[in-house]
file structure.cif (mmCIF, C-alpha atoms)
data_my_file
loop_
_atom_site.label_atom_id
_atom_site.label_comp_id
_atom_site.auth_asym_id
_atom_site.auth_seq_id
_atom_site.Cartn_x
_atom_site.Cartn_y
_atom_site.Cartn_z
CA MET A 1 22.08 26.13 -3.78
CA LYS A 2 21.01 23.60 -1.17
CA ASN A 3 19.57 20.27 -2.26
CA LEU A 4 16.66 18.15 -1.04
CA VAL A 5 17.14 14.67 -2.44
CA ILE A 6 14.12 12.38 -2.67
CA LEU A 7 14.82 8.68 -3.16
CA GLY A 8 11.84 7.18 -4.98
CA ALA A 9 9.45 8.68 -7.53
CA GLY A 10 6.43 6.64 -6.53
CA THR A 11 3.38 8.02 -4.76
CA GLY A 12 5.16 9.52 -1.76
CA GLY A 13 8.15 10.93 -3.62
CA THR A 14 6.04 12.48 -6.38
CA ILE A 15 3.52 14.07 -4.02
CA MET A 16 6.25 15.53 -1.82
CA ALA A 17 8.14 16.92 -4.81
CA SER A 18 4.92 18.58 -5.98
CA ARG A 19 4.15 20.07 -2.57
CA LEU A 20 7.67 21.34 -1.92
CA VAL A 21 9.04 22.49 -5.28
CA GLY A 22 7.52 25.98 -5.07
CA PRO A 23 8.25 26.74 -1.40
CA LEU A 24 11.81 25.40 -1.71
CA ARG A 25 12.54 27.42 -4.83
CA LYS A 26 11.60 30.57 -2.91
CA ARG A 27 14.07 29.55 -0.20
CA GLY A 28 16.92 29.00 -2.65
CA TRP A 29 16.73 25.20 -2.59
CA LYS A 30 16.49 22.66 -5.38
CA ILE A 31 14.93 19.18 -5.45
CA THR A 32 16.57 16.09 -6.94
CA VAL A 33 14.49 12.93 -7.31
CA VAL A 34 16.18 9.59 -7.96
CA ASP A 35 14.52 6.37 -9.14
CA LYS A 36 15.64 3.29 -11.03
CA ASP A 37 13.30 3.77 -14.01
CA ASP A 38 10.79 6.13 -15.61
CA ARG A 39 7.68 4.01 -15.05
CA HIS A 40 5.09 5.02 -12.44
CA TYR A 41 2.35 2.44 -11.84
CA TYR A 42 -1.08 2.97 -10.35
CA GLN A 43 -0.63 0.14 -7.90
CA PRO A 44 -4.25 -0.12 -6.65
CA GLY A 45 -5.08 -1.25 -10.19
CA PHE A 46 -2.89 -4.36 -9.94
CA LEU A 47 -5.66 -6.05 -7.95
CA LEU A 48 -8.13 -5.57 -10.81
CA VAL A 49 -5.92 -6.85 -13.66
CA PRO A 50 -6.45 -10.58 -12.90
CA PHE A 51 -10.21 -10.08 -13.24
CA GLY A 52 -10.04 -8.21 -16.55
CA ILE A 53 -11.20 -4.88 -15.07
CA TYR A 54 -7.93 -3.15 -15.99
CA LYS A 55 -5.18 -3.89 -18.48
CA ALA A 56 -1.56 -3.39 -17.50
CA GLU A 57 -1.06 -0.64 -20.06
CA ASP A 58 -3.85 1.37 -18.43
CA LEU A 59 -1.89 1.64 -15.20
CA VAL A 60 1.44 3.17 -16.19
CA ARG A 61 2.70 6.71 -16.84
CA ARG A 62 6.17 8.20 -17.17
CA ARG A 63 7.51 9.38 -13.82
CA SER A 64 9.16 12.31 -15.59
CA SER A 65 5.77 13.52 -16.84
CA LEU A 66 4.29 13.43 -13.33
CA LEU A 67 7.05 15.23 -11.48
CA PRO A 68 6.68 19.02 -11.39
CA LYS A 69 8.75 21.37 -13.50
CA GLY A 70 11.91 22.49 -11.80
CA VAL A 71 12.69 19.09 -10.28
CA ASN A 72 15.89 17.35 -11.38
CA PHE A 73 14.93 13.72 -12.10
CA VAL A 74 17.78 11.20 -12.15
CA VAL A 75 17.10 7.71 -13.53
CA ALA A 76 19.60 5.44 -11.79
CA GLU A 77 19.94 2.62 -9.29
CA VAL A 78 21.02 3.78 -5.85
CA GLU A 79 23.92 1.75 -4.52
CA GLU A 80 24.31 3.31 -1.08
CA ILE A 81 23.20 6.14 1.17
CA LYS A 82 26.18 7.71 2.99
CA PRO A 83 24.74 9.67 5.93
CA GLN A 84 28.10 10.69 7.37
CA SER A 85 29.14 12.51 4.21
CA LYS A 86 25.52 13.32 3.17
CA ARG A 87 25.94 11.74 -0.23
CA ILE A 88 24.06 9.24 -2.39
CA LYS A 89 26.18 6.78 -4.34
CA LEU A 90 24.63 5.59 -7.61
CA ALA A 91 25.29 2.22 -9.25
CA ASP A 92 27.54 3.81 -11.89
CA GLY A 93 29.76 5.32 -9.16
CA GLU A 94 28.47 8.88 -9.45
CA GLU A 95 27.54 10.60 -6.18
CA ILE A 96 24.87 13.18 -5.36
CA SER A 97 25.18 15.37 -2.28
CA TYR A 98 22.21 16.39 -0.17
CA ASP A 99 21.41 18.84 2.60
CA LEU A 100 18.19 17.01 3.50
CA LEU A 101 17.22 13.52 2.38
CA LEU A 102 13.70 12.13 2.01
CA ILE A 103 13.43 8.36 1.70
CA ALA A 104 10.38 7.23 -0.26
CA THR A 105 11.59 3.84 -1.46
CA GLY A 106 8.42 1.89 -0.59
CA THR A 107 8.06 -1.79 0.10
CA HIS A 108 8.60 -4.81 -2.13
CA ILE A 109 7.55 -8.45 -2.17
CA ARG A 110 10.10 -11.12 -1.21
CA PRO A 111 8.67 -14.51 -2.24
CA GLU A 112 11.98 -16.21 -1.48
CA GLU A 113 11.44 -15.54 2.22
CA THR A 114 8.79 -18.30 2.40
CA PRO A 115 10.34 -21.75 1.83
CA GLY A 116 8.90 -23.53 -1.19
CA VAL A 117 7.18 -20.57 -2.82
CA LEU A 118 9.69 -20.14 -5.63
CA ASP A 119 9.45 -23.86 -6.48
CA GLY A 120 5.89 -23.26 -7.60
CA TRP A 121 6.27 -19.64 -8.73
CA ARG A 122 4.01 -18.84 -11.69
CA LYS A 123 3.05 -22.53 -11.95
CA ASN A 124 0.52 -23.09 -9.19
CA VAL A 125 1.73 -20.23 -6.94
CA PHE A 126 1.00 -16.68 -8.10
CA ASP A 127 1.06 -13.07 -6.90
CA TYR A 128 -0.66 -9.88 -8.01
CA TYR A 129 1.45 -7.34 -6.10
CA THR A 130 3.59 -6.91 -9.23
CA ILE A 131 2.29 -5.92 -12.65
CA ASP A 132 3.78 -8.97 -14.36
CA GLY A 133 2.39 -11.24 -11.66
CA ALA A 134 -1.08 -9.75 -12.10
CA GLN A 135 -0.93 -10.33 -15.87
CA VAL A 136 0.15 -13.96 -15.57
CA LEU A 137 -2.51 -14.58 -12.93
CA ALA A 138 -5.17 -13.15 -15.26
CA ASP A 139 -4.38 -15.89 -17.77
CA LYS A 140 -4.39 -18.55 -15.04
CA LEU A 141 -7.79 -17.51 -13.67
CA LYS A 142 -9.35 -17.75 -17.14
CA GLU A 143 -8.58 -21.48 -17.23
CA PHE A 144 -9.34 -22.25 -13.58
CA ARG A 145 -12.75 -23.93 -13.44
CA GLU A 146 -12.64 -26.25 -10.43
CA GLY A 147 -10.61 -27.00 -7.34
CA THR A 148 -9.41 -25.03 -4.31
CA LEU A 149 -8.19 -21.48 -4.62
CA VAL A 150 -6.32 -20.27 -1.54
CA VAL A 151 -5.65 -16.57 -1.00
CA HIS A 152 -2.71 -16.46 1.36
CA VAL A 153 -1.03 -13.72 3.40
CA ALA A 154 2.43 -14.90 4.46
CA GLU A 155 3.05 -12.35 7.20
CA MET A 156 2.33 -8.79 8.24
CA PRO A 157 2.84 -5.94 7.60
CA ILE A 158 1.90 -5.78 3.94
CA LYS A 159 1.15 -2.96 1.56
CA CYS A 160 -2.63 -2.30 1.65
CA ASN A 161 -3.72 -4.82 4.25
CA VAL A 162 -7.27 -5.14 2.85
CA SER A 163 -6.11 -6.02 -0.66
CA PRO A 164 -6.02 -9.83 -0.19
CA LEU A 165 -9.52 -9.64 1.25
CA GLU A 166 -10.63 -7.70 -1.83
CA PHE A 167 -9.05 -10.33 -4.06
CA THR A 168 -11.08 -13.05 -2.37
CA PHE A 169 -14.34 -11.14 -2.72
CA LEU A 170 -13.60 -10.42 -6.39
CA ALA A 171 -12.70 -14.06 -7.01
CA ASP A 172 -16.12 -15.07 -5.66
CA TRP A 173 -17.78 -12.59 -8.06
CA TYR A 174 -15.55 -13.61 -11.00
CA PHE A 175 -16.29 -17.32 -10.68
CA ARG A 176 -20.01 -16.74 -10.17
CA LYS A 177 -20.10 -14.59 -13.30
CA ARG A 178 -18.51 -17.48 -15.21
CA GLY A 179 -20.90 -20.02 -13.68
CA VAL A 180 -18.19 -22.14 -12.02
CA ARG A 181 -18.32 -20.90 -8.41
CA ASP A 182 -20.02 -24.09 -7.16
CA ASN A 183 -16.99 -26.06 -8.38
CA ILE A 184 -14.47 -23.88 -6.54
CA ARG A 185 -13.60 -23.78 -2.86
CA LEU A 186 -12.34 -20.37 -1.72
CA VAL A 187 -10.11 -20.23 1.37
CA TYR A 188 -8.64 -17.10 2.95
CA VAL A 189 -5.47 -17.78 4.97
CA THR A 190 -4.23 -14.99 7.22
CA PRO A 191 -1.78 -14.54 10.12
CA ILE A 192 -4.20 -12.19 11.92
CA SER A 193 -7.45 -12.94 13.77
CA GLY A 194 -9.75 -12.59 10.78
CA ALA A 195 -10.77 -10.26 7.98
CA PHE A 196 -9.26 -7.16 9.60
CA THR A 197 -7.24 -6.07 12.61
CA ARG A 198 -10.04 -4.22 14.46
CA PRO A 199 -13.19 -5.82 15.94
CA VAL A 200 -16.03 -3.80 14.36
CA ALA A 201 -14.66 -4.12 10.82
CA THR A 202 -13.70 -7.75 11.41
CA ARG A 203 -17.26 -8.63 12.39
CA TYR A 204 -18.77 -6.89 9.38
CA LEU A 205 -16.24 -8.16 6.84
CA GLY A 206 -16.27 -11.63 8.41
CA ASP A 207 -20.04 -11.76 7.92
CA LEU A 208 -19.48 -10.90 4.25
CA GLN A 209 -16.97 -13.73 3.94
CA ALA A 210 -19.46 -16.18 5.44
CA LYS A 211 -22.25 -14.91 3.18
CA LYS A 212 -20.04 -15.49 0.15
CA LYS A 213 -19.02 -18.97 1.42
CA ILE A 214 -15.38 -18.05 1.84
CA GLU A 215 -13.59 -20.22 4.39
CA VAL A 216 -11.12 -18.55 6.74
CA GLU A 217 -7.97 -19.92 8.38
CA SER A 218 -6.86 -17.30 10.91
CA PHE A 219 -3.73 -16.99 13.08
CA PHE A 220 -1.96 -18.98 10.36
CA LEU A 221 1.79 -18.46 10.70
CA THR A 222 3.26 -19.94 7.55
CA GLU A 223 6.20 -22.29 7.91
CA ARG A 224 6.45 -23.30 4.26
CA VAL A 225 4.62 -23.91 1.02
CA ASP A 226 4.75 -27.31 -0.71
CA PRO A 227 3.71 -26.67 -4.32
CA THR A 228 4.22 -30.30 -5.35
CA ALA A 229 1.81 -31.61 -2.72
CA GLY A 230 -0.31 -28.46 -3.08
CA LYS A 231 -0.41 -27.34 0.55
CA VAL A 232 0.48 -24.45 2.83
CA VAL A 233 1.91 -25.54 6.18
CA CYS A 234 1.54 -23.63 9.45
CA TYR A 235 4.06 -23.76 12.31
CA ASP A 236 1.35 -25.28 14.52
CA GLY A 237 0.96 -28.22 12.15
CA ARG A 238 -2.16 -27.11 10.30
CA GLU A 239 -2.18 -27.62 6.56
CA VAL A 240 -4.35 -25.99 3.89
CA ALA A 241 -4.57 -27.77 0.55
CA PHE A 242 -4.69 -25.84 -2.72
CA ASP A 243 -4.87 -26.31 -6.45
CA LEU A 244 -4.10 -22.65 -7.03
CA LEU A 245 -2.34 -20.44 -4.47
CA VAL A 246 -2.52 -16.66 -4.72
CA THR A 247 -0.02 -15.44 -2.18
CA VAL A 248 0.97 -12.08 -0.75
CA PRO A 249 4.64 -12.75 0.02
CA PRO A 250 6.50 -11.03 2.87
CA ASN A 251 6.93 -7.32 2.22
CA PHE A 252 10.37 -5.80 2.81
CA GLY A 253 11.84 -2.35 2.43
CA ALA A 254 14.36 -1.56 -0.31
CA GLU A 255 17.72 -3.33 -0.34
CA VAL A 256 19.58 -0.02 -0.40
CA ILE A 257 18.28 0.63 3.11
CA ARG A 258 19.96 -2.56 4.33
CA ARG A 259 23.17 -1.85 2.42
CA SER A 260 23.32 1.59 3.98
CA GLY A 261 22.78 0.38 7.54
CA LEU A 262 19.64 2.48 7.96
CA GLY A 263 17.01 -0.21 8.39
CA ASP A 264 15.61 -2.81 10.76
CA GLU A 265 15.54 -6.55 10.02
CA MET A 266 12.94 -5.96 7.29
CA ASN A 267 14.76 -3.01 5.71
CA TYR A 268 12.31 -0.42 7.04
CA VAL A 269 13.76 2.81 8.43
CA PRO A 270 13.18 3.27 12.20
CA VAL A 271 11.80 6.73 12.90
CA ASP A 272 11.47 8.96 15.96
CA GLU A 273 8.22 9.83 17.74
CA SER A 274 7.22 12.22 14.93
CA GLY A 275 6.98 9.21 12.63
CA PHE A 276 8.98 10.93 9.91
CA ARG A 277 12.57 11.52 11.02
CA SER A 278 15.22 8.81 11.08
CA GLU A 279 16.18 7.72 14.59
CA LYS A 280 19.83 7.86 13.61
CA TYR A 281 20.11 10.96 11.45
CA ALA A 282 18.21 14.21 11.95
CA ASP A 283 18.67 15.27 8.32
CA ILE A 284 16.94 12.16 6.94
CA PHE A 285 13.15 11.98 6.68
CA VAL A 286 10.99 9.02 5.65
CA ILE A 287 7.53 8.83 4.11
CA GLY A 288 5.13 6.01 3.36
CA ASP A 289 5.88 2.31 3.21
CA ALA A 290 9.63 2.79 3.73
CA SER A 291 9.05 3.70 7.38
CA ALA A 292 9.19 1.27 10.31
CA SER A 293 6.28 3.09 11.98
CA ASP A 294 3.11 1.28 13.06
CA TRP A 295 0.99 3.16 10.53
CA THR A 296 -0.82 1.24 7.81
CA LYS A 297 1.16 0.83 4.61
CA ALA A 298 -1.31 2.28 2.10
CA GLY A 299 -1.48 5.02 -0.51
CA SER A 300 -4.01 7.06 1.44
CA VAL A 301 -1.64 7.17 4.41
CA VAL A 302 1.11 8.59 2.19
CA HIS A 303 -1.21 11.30 0.92
CA PHE A 304 -2.28 12.31 4.44
CA GLN A 305 1.32 12.15 5.66
CA SER A 306 2.41 14.55 2.94
CA GLU A 307 0.12 17.27 4.30
CA ILE A 308 1.99 17.07 7.60
CA LEU A 309 5.51 16.29 6.45
CA ASP A 310 5.81 19.22 4.04
CA LYS A 311 5.23 21.62 6.94
CA ILE A 312 7.77 19.77 9.11
CA ILE A 313 10.44 19.96 6.39
CA LEU A 314 9.80 23.65 5.73
CA ALA A 315 9.99 24.37 9.46
CA GLU A 316 13.30 22.48 9.57
CA ILE A 317 14.70 24.56 6.72
CA ASP A 318 13.48 27.78 8.31
CA GLY A 319 14.81 26.84 11.75
CA ARG A 320 11.35 27.07 13.30
CA PRO A 321 9.99 24.72 16.00
CA VAL A 322 7.03 22.59 14.97
CA GLU A 323 4.61 20.53 17.05
CA LEU A 324 2.82 18.69 14.22
CA ARG A 325 2.04 14.99 14.60
CA PHE A 326 0.37 12.52 12.25
CA ASP A 327 -2.27 10.15 13.65
CA GLY A 328 -1.97 7.28 11.16
CA HIS A 329 -5.13 8.26 9.29
CA ALA A 330 -6.07 5.83 6.51
CA ASN A 331 -9.06 5.13 4.35
CA CYS A 332 -9.56 2.23 2.00
CA PHE A 333 -11.98 1.02 -0.62
CA ILE A 334 -12.73 -2.70 -0.39
CA GLU A 335 -14.19 -4.13 -3.60
CA THR A 336 -16.75 -6.82 -2.76
CA GLY A 337 -17.85 -7.78 -6.28
CA PHE A 338 -21.11 -7.35 -8.19
CA GLY A 339 -20.48 -3.63 -8.65
CA LYS A 340 -20.27 -2.86 -4.94
CA ALA A 341 -17.60 -1.84 -2.46
CA VAL A 342 -17.08 -1.03 1.20
CA VAL A 343 -15.24 2.06 2.49
CA ILE A 344 -13.39 2.20 5.80
CA ASP A 345 -11.84 5.25 7.48
CA TYR A 346 -9.68 4.92 10.59
CA ASN A 347 -6.45 5.85 12.30
CA HIS A 348 -3.95 4.37 14.73
CA GLU A 349 -6.29 4.79 17.69
CA ILE A 350 -9.82 4.67 16.26
CA GLU A 351 -11.05 1.63 14.36
CA PRO A 352 -13.26 1.71 11.24
CA LEU A 353 -16.81 2.68 12.20
CA PRO A 354 -20.12 2.87 10.29
CA GLY A 355 -21.47 6.18 9.05
CA LYS A 356 -21.29 8.55 6.08
CA PHE A 357 -18.12 9.77 4.33
CA PRO A 358 -16.70 12.29 3.73
CA LEU A 359 -19.67 14.51 4.69
CA PRO A 360 -21.99 13.77 7.63
CA LEU A 361 -25.48 12.64 6.56
CA VAL A 362 -24.76 13.46 2.91
CA GLY A 363 -21.90 11.06 2.21
CA PRO A 364 -22.14 10.22 -0.64
CA MET A 365 -20.10 7.20 0.43
CA SER A 366 -21.20 4.86 3.21
CA LEU A 367 -18.77 3.45 5.77
CA LEU A 368 -18.75 -0.28 6.53
CA LYS A 369 -21.56 -0.88 4.07
CA GLU A 370 -21.66 -2.37 0.57
CA THR A 371 -22.88 0.21 -1.96
CA ARG A 372 -22.60 0.89 -5.66
CA ILE A 373 -21.53 4.49 -5.01
CA ASN A 374 -18.54 3.17 -3.07
CA HIS A 375 -17.59 1.01 -6.05
CA TRP A 376 -17.90 3.83 -8.58
CA SER A 377 -15.99 6.11 -6.24
CA LYS A 378 -13.13 3.62 -6.21
CA LEU A 379 -13.01 3.50 -10.02
CA ALA A 380 -13.16 7.30 -10.18
CA PHE A 381 -10.24 7.51 -7.75
CA GLU A 382 -7.82 6.55 -10.52
CA TRP A 383 -8.44 9.91 -12.22
CA VAL A 384 -8.07 11.67 -8.86
CA TYR A 385 -4.76 9.90 -8.31
CA TRP A 386 -3.16 10.88 -11.61
CA HIS A 387 -4.55 14.42 -11.91
CA TRP A 388 -4.97 15.57 -8.32
CA LEU A 389 -3.09 13.67 -5.61
CA LEU A 390 0.23 13.37 -7.45
CA ARG A 391 0.07 17.11 -8.06
CA GLY A 392 0.25 17.57 -4.29
CA ARG A 393 -3.32 18.76 -3.90
CA SER A 394 -5.50 18.06 -0.89
CA VAL A 395 -8.81 16.24 -1.35
CA PRO A 396 -11.77 18.49 -0.47
CA PHE A 397 -13.62 17.56 2.75
CA VAL A 398 -11.06 14.85 3.64
CA PRO A 399 -8.63 16.23 6.25
CA ALA A 400 -5.19 14.75 6.80
CA LEU A 401 -6.00 13.98 10.43
CA MET A 402 -8.96 11.71 10.98
CA SER A 403 -12.32 13.27 11.81
CA MET A 404 -15.19 11.60 13.66
CA ARG A 405 -17.73 13.68 11.72
CA GLY A 406 -20.41 11.47 10.22
CA LYS A 407 -19.29 8.36 12.06
CA LYS A 408 -21.23 6.32 14.61
CA ASP A 409 -19.53 5.03 17.72
CA VAL A 410 -19.79 1.38 18.75
CA ARG A 411 -22.98 2.13 20.68
CA GLY A 412 -24.64 3.60 17.60
CA LYS A 413 -24.50 7.27 18.58
CA THR A 414 -23.72 9.73 15.79
CA SER A 415 -20.63 11.82 16.37
#

call {"tool": "encode", "arguments": {"input": "structure.cif", "output": "C-alpha cells"}}
result
Amino acid sequence: MKNLVILGAGTGGTIMASRLVGPLRKRGWKITVVDKDDRHYYQPGFLLVPFGIYKAEDLVRRRSSLLPKGVNFVVAEVEEIKPQSKRIKLADGEEISYDLLLIATGTHIRPEETPGVLDGWRKNVFDYYTIDGAQVLADKLKEFREGTLVVHVAEMPIKCNVSPLEFTFLADWYFRKRGVRDNIRLVYVTPISGAFTRPVATRYLGDLQAKKKIEVESFFLTERVDPTAGKVVCYDGREVAFDLLVTVPPNFGAEVIRRSGLGDEMNYVPVDESGFRSEKYADIFVIGDASASDWTKAGSVVHFQSEILDKIILAEIDGRPVELRFDGHANCFIETGFGKAVVIDYNHEIEPLPGKFPLPLVGPMSLLKETRINHWSKLAFEWVYWHWLLRGRSVPFVPALMSMRGKKDVRGKTS
C-alpha cells in the first residue's frame, strides 16, 4: 500500500488529511500524519487571550480527535527528511517511507533573531504568537496603567499580517474600558508603509489608527531592542521608546526544513510556479505557512489552498495532467474593539476593496467597514473552524479563488 506522509497536524495538515483520506483509500493508499505532540491550538484565539476574551484552555483540542478515521497519527519529533530515499527520520531513529510527502510544518517565532529581545523577554518584552506568551501578557496588561506601549513587527513575512494591527486596536479598547487610556501612549511600529500592504486598505485602516490616537512608525527596519533603556532602534537611527513592548518576532519555517536542505534562508520551502510543489523534488508538496511563496501566511489561505491542492495531488496519483492554479486568495477579520470588526477579502493581484461579503448586496458582512456583525462573525468562526474547516469542508458562498462579486472597485463601481 502506498503512503502519503503529511508532516504537521495543524490547520493545513488536518484539512488535507480530511479531504484526501476517502479518495486515497479508494486508490489503495494510506495517510500517515506526523507531529511532535497531540495538542492542536486555535491560533486566531491567541490574540484575544491577553484581553481576557478567551482563556488558553478554550483554544486547545487533541490532534488525534480532529484527524479523520483511517489516518495513522504518529506523535514524534522529525529529525530529517531524506528526499533521495523518500524516508522520514524521527528523533528516536525510526524511519517512515513515503511515496508522496506533504509538508505542513507552519511557521514559528524566532525572538533570538532580533538582538536584545531575549534580554527583556517576559520582563518588559512580550509576545502573543505563542499560547504561553499570550497568557503571561494577559497578566502584564492587567497591571499596566500608564506609560508607552509599543506594538512592534520585527520583519515580514509574519503569520497573519493584520494581527499586530488588531492587537493595537484591542489595546486601545481595553485601556479605555479600564479608564486608563489617557495615561497610555500607543505606538505601532512596522517595517511596511503603514497599516497594510495595499493602498485602499492602508488608507482606511490608517484613518482608524488616527481616530484611535495610535501613533505609527512606518518603514522601521529594526536593528536591535534595548530593554534596559526601553527603546527599539532602527537601522536608520530612529529610536522608539517603550515601557512595554509587544513584539512579533521574525517568523521562520521549521528547523527540520533547514536540517534537510529543503529550505531558503528562513527555512521556507521554495516551490514551483504552481505554488505547491517543491522546486527540488517533484514528489514533495507544501501547503500553508511552510511555503516560500508570496501568498499571505494566514489560516484562510490554507483553507482555500486545500481546495486546489487536493485535486492536484489526486491528479498526480492518477497520472492525469492538471492546469489548476491558486491565486493567493485570503480573507481576514480585523478586530477594532468596542464589539466591532473589519473584514477584508483579497488575493495576490487584487487588493482589499469595500463592498458586501460573501453575498452581493446581502452580505451579511461588510468589507472595509467596522460593524458588529463582522465582530460576531469572527467569534462564530471558532465553531466553524473546529467543526467544519478541519473536517475538510468548503464554506458555502466563499469560493477558493477570489470573486469580485459584491465588491466595489476603486472608482466606486459595483462589480

call {"tool": "residues_around", "arguments": {"input": "structure.cif", "residues": "stretch 6-10 of chain A", "least_positions_apart": "3", "cutoff": "7 Å", "atoms": "only C-alpha atoms", "output": "list in words"}}
result
Gly13, Thr14, Thr32, Val33, Val34, Asp35, His40, Arg63, Leu101, Leu102, Ile103, Ala104 and Thr105 of chain A

call {"tool": "write_last_selection", "arguments": {"input": "structure.cif", "atoms": "C-alpha atoms", "output": "compact mmCIF listing (two decimals), keeping the file's coordinate frame"}}
result
# COMPACT_ATOMS: atom_id res chain seq x y z
CA GLY A 13 8.15 10.93 -3.62
CA THR A 14 6.04 12.48 -6.38
CA THR A 32 16.57 16.09 -6.94
CA VAL A 33 14.49 12.93 -7.31
CA VAL A 34 16.18 9.59 -7.96
CA ASP A 35 14.52 6.37 -9.14
CA HIS A 40 5.09 5.02 -12.44
CA ARG A 63 7.51 9.38 -13.82
CA LEU A 101 17.22 13.52 2.38
CA LEU A 102 13.70 12.13 2.01
CA ILE A 103 13.43 8.36 1.70
CA ALA A 104 10.38 7.23 -0.26
CA THR A 105 11.59 3.84 -1.46

call {"tool": "resolve_selection", "arguments": {"input": "structure.cif", "expression": "the PyMOL selection byres ((chain A and resi 335) around 9)", "output": "CSV table (one decimal) with C-alpha atoms, in the coordinates of the input"}}
result
chain,number,residue,atom,x,y,z
A,163,SER,CA,-6.1,-6.0,-0.7
A,165,LEU,CA,-9.5,-9.6,1.2
A,166,GLU,CA,-10.6,-7.7,-1.8
A,167,PHE,CA,-9.0,-10.3,-4.1
A,169,PHE,CA,-14.3,-11.1,-2.7
A,170,LEU,CA,-13.6,-10.4,-6.4
A,333,PHE,CA,-12.0,1.0,-0.6
A,334,ILE,CA,-12.7,-2.7,-0.4
A,336,THR,CA,-16.8,-6.8,-2.8
A,337,GLY,CA,-17.8,-7.8,-6.3
A,338,PHE,CA,-21.1,-7.4,-8.2
A,339,GLY,CA,-20.5,-3.6,-8.6
A,340,LYS,CA,-20.3,-2.9,-4.9
A,341,ALA,CA,-17.6,-1.8,-2.5
A,342,VAL,CA,-17.1,-1.0,1.2
A,343,VAL,CA,-15.2,2.1,2.5
A,370,GLU,CA,-21.7,-2.4,0.6
A,374,ASN,CA,-18.5,3.2,-3.1
A,375,HIS,CA,-17.6,1.0,-6.0
A,378,LYS,CA,-13.1,3.6,-6.2

call {"tool": "resolve_selection", "arguments": {"input": "structure.cif", "expression": "the PyMOL selection byres ((chain A and resi 344) around 9)", "output": "list in words"}}
result
Ala201, Ala330, Asn331, Cys332, Phe333, Ile334, Val342, Val343, Asp345, Tyr346, Glu351, Pro352, Leu353, Pro354, Ser366, Leu367, Leu368 and Lys369 of chain A

call {"tool": "residues_around", "arguments": {"input": "structure.cif", "residues": "A:Tyr128", "least_positions_apart": "2", "cutoff": "10 Å", "atoms": "only C-alpha atoms", "output": "list in words"}}
result
Gly45, Phe46, Leu47, Leu48, Val49, Pro50, Phe126, Thr130, Ile131, Asp132, Gly133, Ala134, Gln135, Val136, Leu137, Ala138, Ser163, Pro164, Phe167, Val246, Thr247 and Val248 of chain A

call {"tool": "write_last_selection", "arguments": {"input": "structure.cif", "atoms": "C-alpha atoms", "output": "PDB file, in the frame of the given file"}}
result
ATOM      1  CA  GLY A  45      -5.080  -1.250 -10.190  1.00  0.00           C
ATOM      2  CA  PHE A  46      -2.890  -4.360  -9.940  1.00  0.00           C
ATOM      3  CA  LEU A  47      -5.660  -6.050  -7.950  1.00  0.00           C
ATOM      4  CA  LEU A  48      -8.130  -5.570 -10.810  1.00  0.00           C
ATOM      5  CA  VAL A  49      -5.920  -6.850 -13.660  1.00  0.00           C
ATOM      6  CA  PRO A  50      -6.450 -10.580 -12.900  1.00  0.00           C
ATOM      7  CA  PHE A 126       1.000 -16.680  -8.100  1.00  0.00           C
ATOM      8  CA  THR A 130       3.590  -6.910  -9.230  1.00  0.00           C
ATOM      9  CA  ILE A 131       2.290  -5.920 -12.650  1.00  0.00           C
ATOM     10  CA  ASP A 132       3.780  -8.970 -14.360  1.00  0.00           C
ATOM     11  CA  GLY A 133       2.390 -11.240 -11.660  1.00  0.00           C
ATOM     12  CA  ALA A 134      -1.080  -9.750 -12.100  1.00  0.00           C
ATOM     13  CA  GLN A 135      -0.930 -10.330 -15.870  1.00  0.00           C
ATOM     14  CA  VAL A 136       0.150 -13.960 -15.570  1.00  0.00           C
ATOM     15  CA  LEU A 137      -2.510 -14.580 -12.930  1.00  0.00           C
ATOM     16  CA  ALA A 138      -5.170 -13.150 -15.260  1.00  0.00           C
ATOM     17  CA  SER A 163      -6.110  -6.020  -0.660  1.00  0.00           C
ATOM     18  CA  PRO A 164      -6.020  -9.830  -0.190  1.00  0.00           C
ATOM     19  CA  PHE A 167      -9.050 -10.330  -4.060  1.00  0.00           C
ATOM     20  CA  VAL A 246      -2.520 -16.660  -4.720  1.00  0.00           C
ATOM     21  CA  THR A 247      -0.020 -15.440  -2.180  1.00  0.00           C
ATOM     22  CA  VAL A 248       0.970 -12.080  -0.750  1.00  0.00           C
TER      23      VAL A 248
END

call {"tool": "closest_atom_pairs", "arguments": {"input": "structure.cif", "of": "stretch 371-406 of chain A", "to": "stretch 68-86 of chain A", "cutoff": "12 Å", "atoms": "all atoms listed in the file", "output": "tab-separated table"}}
result
residue	atom	partner	partner_atom	distance
A:Leu390	CA	A:Pro68	CA	9.4
A:Arg391	CA	A:Pro68	CA	7.6
A:Gly392	CA	A:Pro68	CA	9.7

call {"tool": "write_last_selection", "arguments": {"input": "structure.cif", "atoms": "C-alpha atoms", "output": "PDB file, keeping the file's coordinate frame"}}
result
ATOM      1  CA  LEU A 390       0.230  13.370  -7.450  1.00  0.00           C
ATOM      2  CA  ARG A 391       0.070  17.110  -8.060  1.00  0.00           C
ATOM      3  CA  GLY A 392       0.250  17.570  -4.290  1.00  0.00           C
TER       4      GLY A 392
END

call {"tool": "atom_distance", "arguments": {"input": "structure.cif", "atom1": "atom CA of A:Pro23", "atom2": "atom CA of A:Ser394"}}
result
16.3 Å

call {"tool": "resolve_selection", "arguments": {"input": "structure.cif", "expression": "the PyMOL selection byres ((chain A and resi 152) around 7)", "output": "mmCIF file with C-alpha atoms, in the frame of the given file"}}
result
data_model
loop_
_atom_site.group_PDB
_atom_site.id
_atom_site.type_symbol
_atom_site.label_atom_id
_atom_site.label_comp_id
_atom_site.auth_asym_id
_atom_site.auth_seq_id
_atom_site.Cartn_x
_atom_site.Cartn_y
_atom_site.Cartn_z
ATOM 1 C CA VAL A 150 -6.320 -20.270 -1.540
ATOM 2 C CA VAL A 151 -5.650 -16.570 -1.000
ATOM 3 C CA VAL A 153 -1.030 -13.720 3.400
ATOM 4 C CA ALA A 154 2.430 -14.900 4.460
ATOM 5 C CA TYR A 188 -8.640 -17.100 2.950
ATOM 6 C CA VAL A 189 -5.470 -17.780 4.970
ATOM 7 C CA THR A 190 -4.230 -14.990 7.220
ATOM 8 C CA VAL A 246 -2.520 -16.660 -4.720
ATOM 9 C CA THR A 247 -0.020 -15.440 -2.180
ATOM 10 C CA VAL A 248 0.970 -12.080 -0.750
#
